[in-house]
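> One structure, pasted below without further comment.
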Amino acid sequence: MSYSFMDNVRKVTPYVPGEQPEGKVIKLNTNENPYPPAPAVGEILAATDADILKKYPEADIGPLVRALAKEYGVDPKQVFVGVGSDDVIGMIFLSCFAGEKAVAFPDVTYSFYDVWAELFRVPYKQIPLKEDFTIDIDDYDGQWGGIIIANPNAPTSIELEISKVEELVKRHPECIVVIDEAYVDFGGTSALSLIPKYPNLLVTQTFSKSRSLAGMRIGFAIGSEQVIKAINDVKYSYNSYTLNRTAIAAGVASLSDRDYFEKTCARVMKTREAAKKELAALGFSFPESKTNFLFVTHESVPAEYLQKELKKRDIYVRFWNKPRIDNRLRITIGTDEEMAALFAALREIIGQCR
């Protein structure tokens with residue numbers, strides 16, 4: 001039966017997140033940090049009086065905004081905080097990409113970008129990556145309503161060098177250029193230093209990866225005061241109280257322990273470099289990674305088969321049945337013990353195919 005009232009309902013193809021399995025599994029499919037957040041986070045949560053939850057949080061997320069401004073050496077008016085970088089970038093699409101010209105982003109990148117564009121009725125164009133999955137900024141020549149690039153890119157793990165990022169921003173003063181740096185803390189170079197020079201540059205980051213707070217949903221953007229105000233104006237018109245009190249306190253606590261943050265990132269990167277050697281010995285190839293994951297393909301065993309066989313062994317990795325990347329897996333870097341279990345399983349699976 002056809003219901004006429006459904007004619008007025010917006011229909012979109014939703015973003016499909018990675019599986020969130022329950023039980024005792026090795027979860028290497030959603031790029032979470034395998035290590036706990038800074039000890040100060042646990043301490044602040046343990047000391048939190050539940051009575052504070054009866055009151056609304058600060059609408060301007062002031063304590064966390066100020067902590068971020070201090071951490072990154074900017075004015076608090078240059079900082080926007082949202083519910084994970086997904087919320088932050090969603091607000092950017094809604095507020096900064098409101099013109100008639102198309103927004104440009106790579107064809108192989110974070111698969112939420114085209115979902116937001118469709119949802120908010122933003123015209124867009126996907127620019128093909130090169131055969132080696134790198135970005136050529138010459139391909140972005142033209143007039144755009146905005147540009148957004150994940151750097152390092154996901155799921156490819158490849159970083160666009162900072163000189164190329166600057167050249168891209170410099171070439172496009174007609175639009176806001178967003179550099180999505182969800183993975184930059186794992187060996188990448190941030191574009192934050194360019195913000196004083198380019199008022200059209202926005203840099204977004206997240207607490208979900210390097211700060212081990214995926215469950216708290218904290219993201220932020222840093223840019224010019226003018227652009228940040230525009231995003232805040234949209235936020236206050238849509239949902240004034242975005243981050244809850246617990247998340248704000250956890251975010252501030254996380255920023256208080258720089259030493260722990262750096263040691264955890266270094267630990268992940270060390271495991272990543274060791275994993276590259278193990279995977280190469282098993283017949284895998286992959287781009288150079290500046291992230292907490294590897295984007296791999298095997299010389300003879302199909303990616304989908306590997307993903308299914310690993311899942312049978314309670315090891316989860318990410319597979320996309322999409323053009324250009326349908327024979328690749330994205331493997332999150334876990335603990336050394338988790339990676340050892342992965343390698344053992346892969347040796348068994350690949351051995352059975354020979």
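Within each chain, counting starts at residue 1; across the structure tokens, chains are named A, B, ... in the order shown, with ligands numbered 1 upward in that order.
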To test your reading of the structure, identify every residue in range 54-261 of chain A that backbone DSSP assigns to alpha helix (DSSP H), and report it as number ranges by chain.
A: 62-72, 84-96, 113-119, 162-171, 225-238, 245-255, 258-261
> So that I can check the surroundings of Lys24 in chain A, please list as a list in words every protein, DNA and RNA residue that reaches within 12 Å of it, counting only C-alpha atoms and ignoring chain neighbours fewer than 2 positions away.
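Contacts, with the query itself left out: Gln20, Pro21, Glu22, Ile26, Lys27, Arg313, Asp314, Ile315, Tyr316 and Glu338 of chain A.
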> Produce a file of the selected residues containing C-alpha atoms, as an mmCIF file, in the first residue's frame.

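File written: result.cif
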```
data_model
loop_
_atom_site.group_PDB
_atom_site.id
_atom_site.type_symbol
_atom_site.label_atom_id
_atom_site.label_comp_id
_atom_site.auth_asym_id
_atom_site.auth_seq_id
_atom_site.Cartn_x
_atom_site.Cartn_y
_atom_site.Cartn_z
ATOM 1 C CA GLN A 20 29.830 -2.495 16.696
ATOM 2 C CA PRO A 21 29.926 -6.141 17.792
ATOM 3 C CA GLU A 22 29.260 -7.145 21.362
ATOM 4 C CA ILE A 26 39.124 -8.165 18.396
ATOM 5 C CA LYS A 27 37.707 -4.964 16.986
ATOM 6 C CA ARG A 313 37.364 -15.883 14.101
ATOM 7 C CA ASP A 314 35.887 -12.863 15.946
ATOM 8 C CA ILE A 315 38.299 -10.419 14.346
ATOM 9 C CA TYR A 316 36.616 -7.427 12.731
ATOM 10 C CA GLU A 338 45.490 -7.971 19.157
#
```
> Residues at most 9 Å from Ile61 in chain A, counting only C-alpha atoms, excluding those fewer than 5 positions away in the same chain, as number ranges by chain?
A: 66, 80-82, 241-245, 248
> Counting only C-alpha atoms, what is within 9 Å of Asn151 in chain A, bar same-chain residues fewer than 3 positions away, as number ranges by chain?
A: 154, 157-161, 165, 179-184, 188-190
> Ile325 in chain A: which residues within 10 Å, counting only C-alpha atoms, same-chain residues fewer than 4 positions away excluded, as a PyMOL selection string?
chain A and resi 108+133+155-156+295-297+303+319-321+329-330
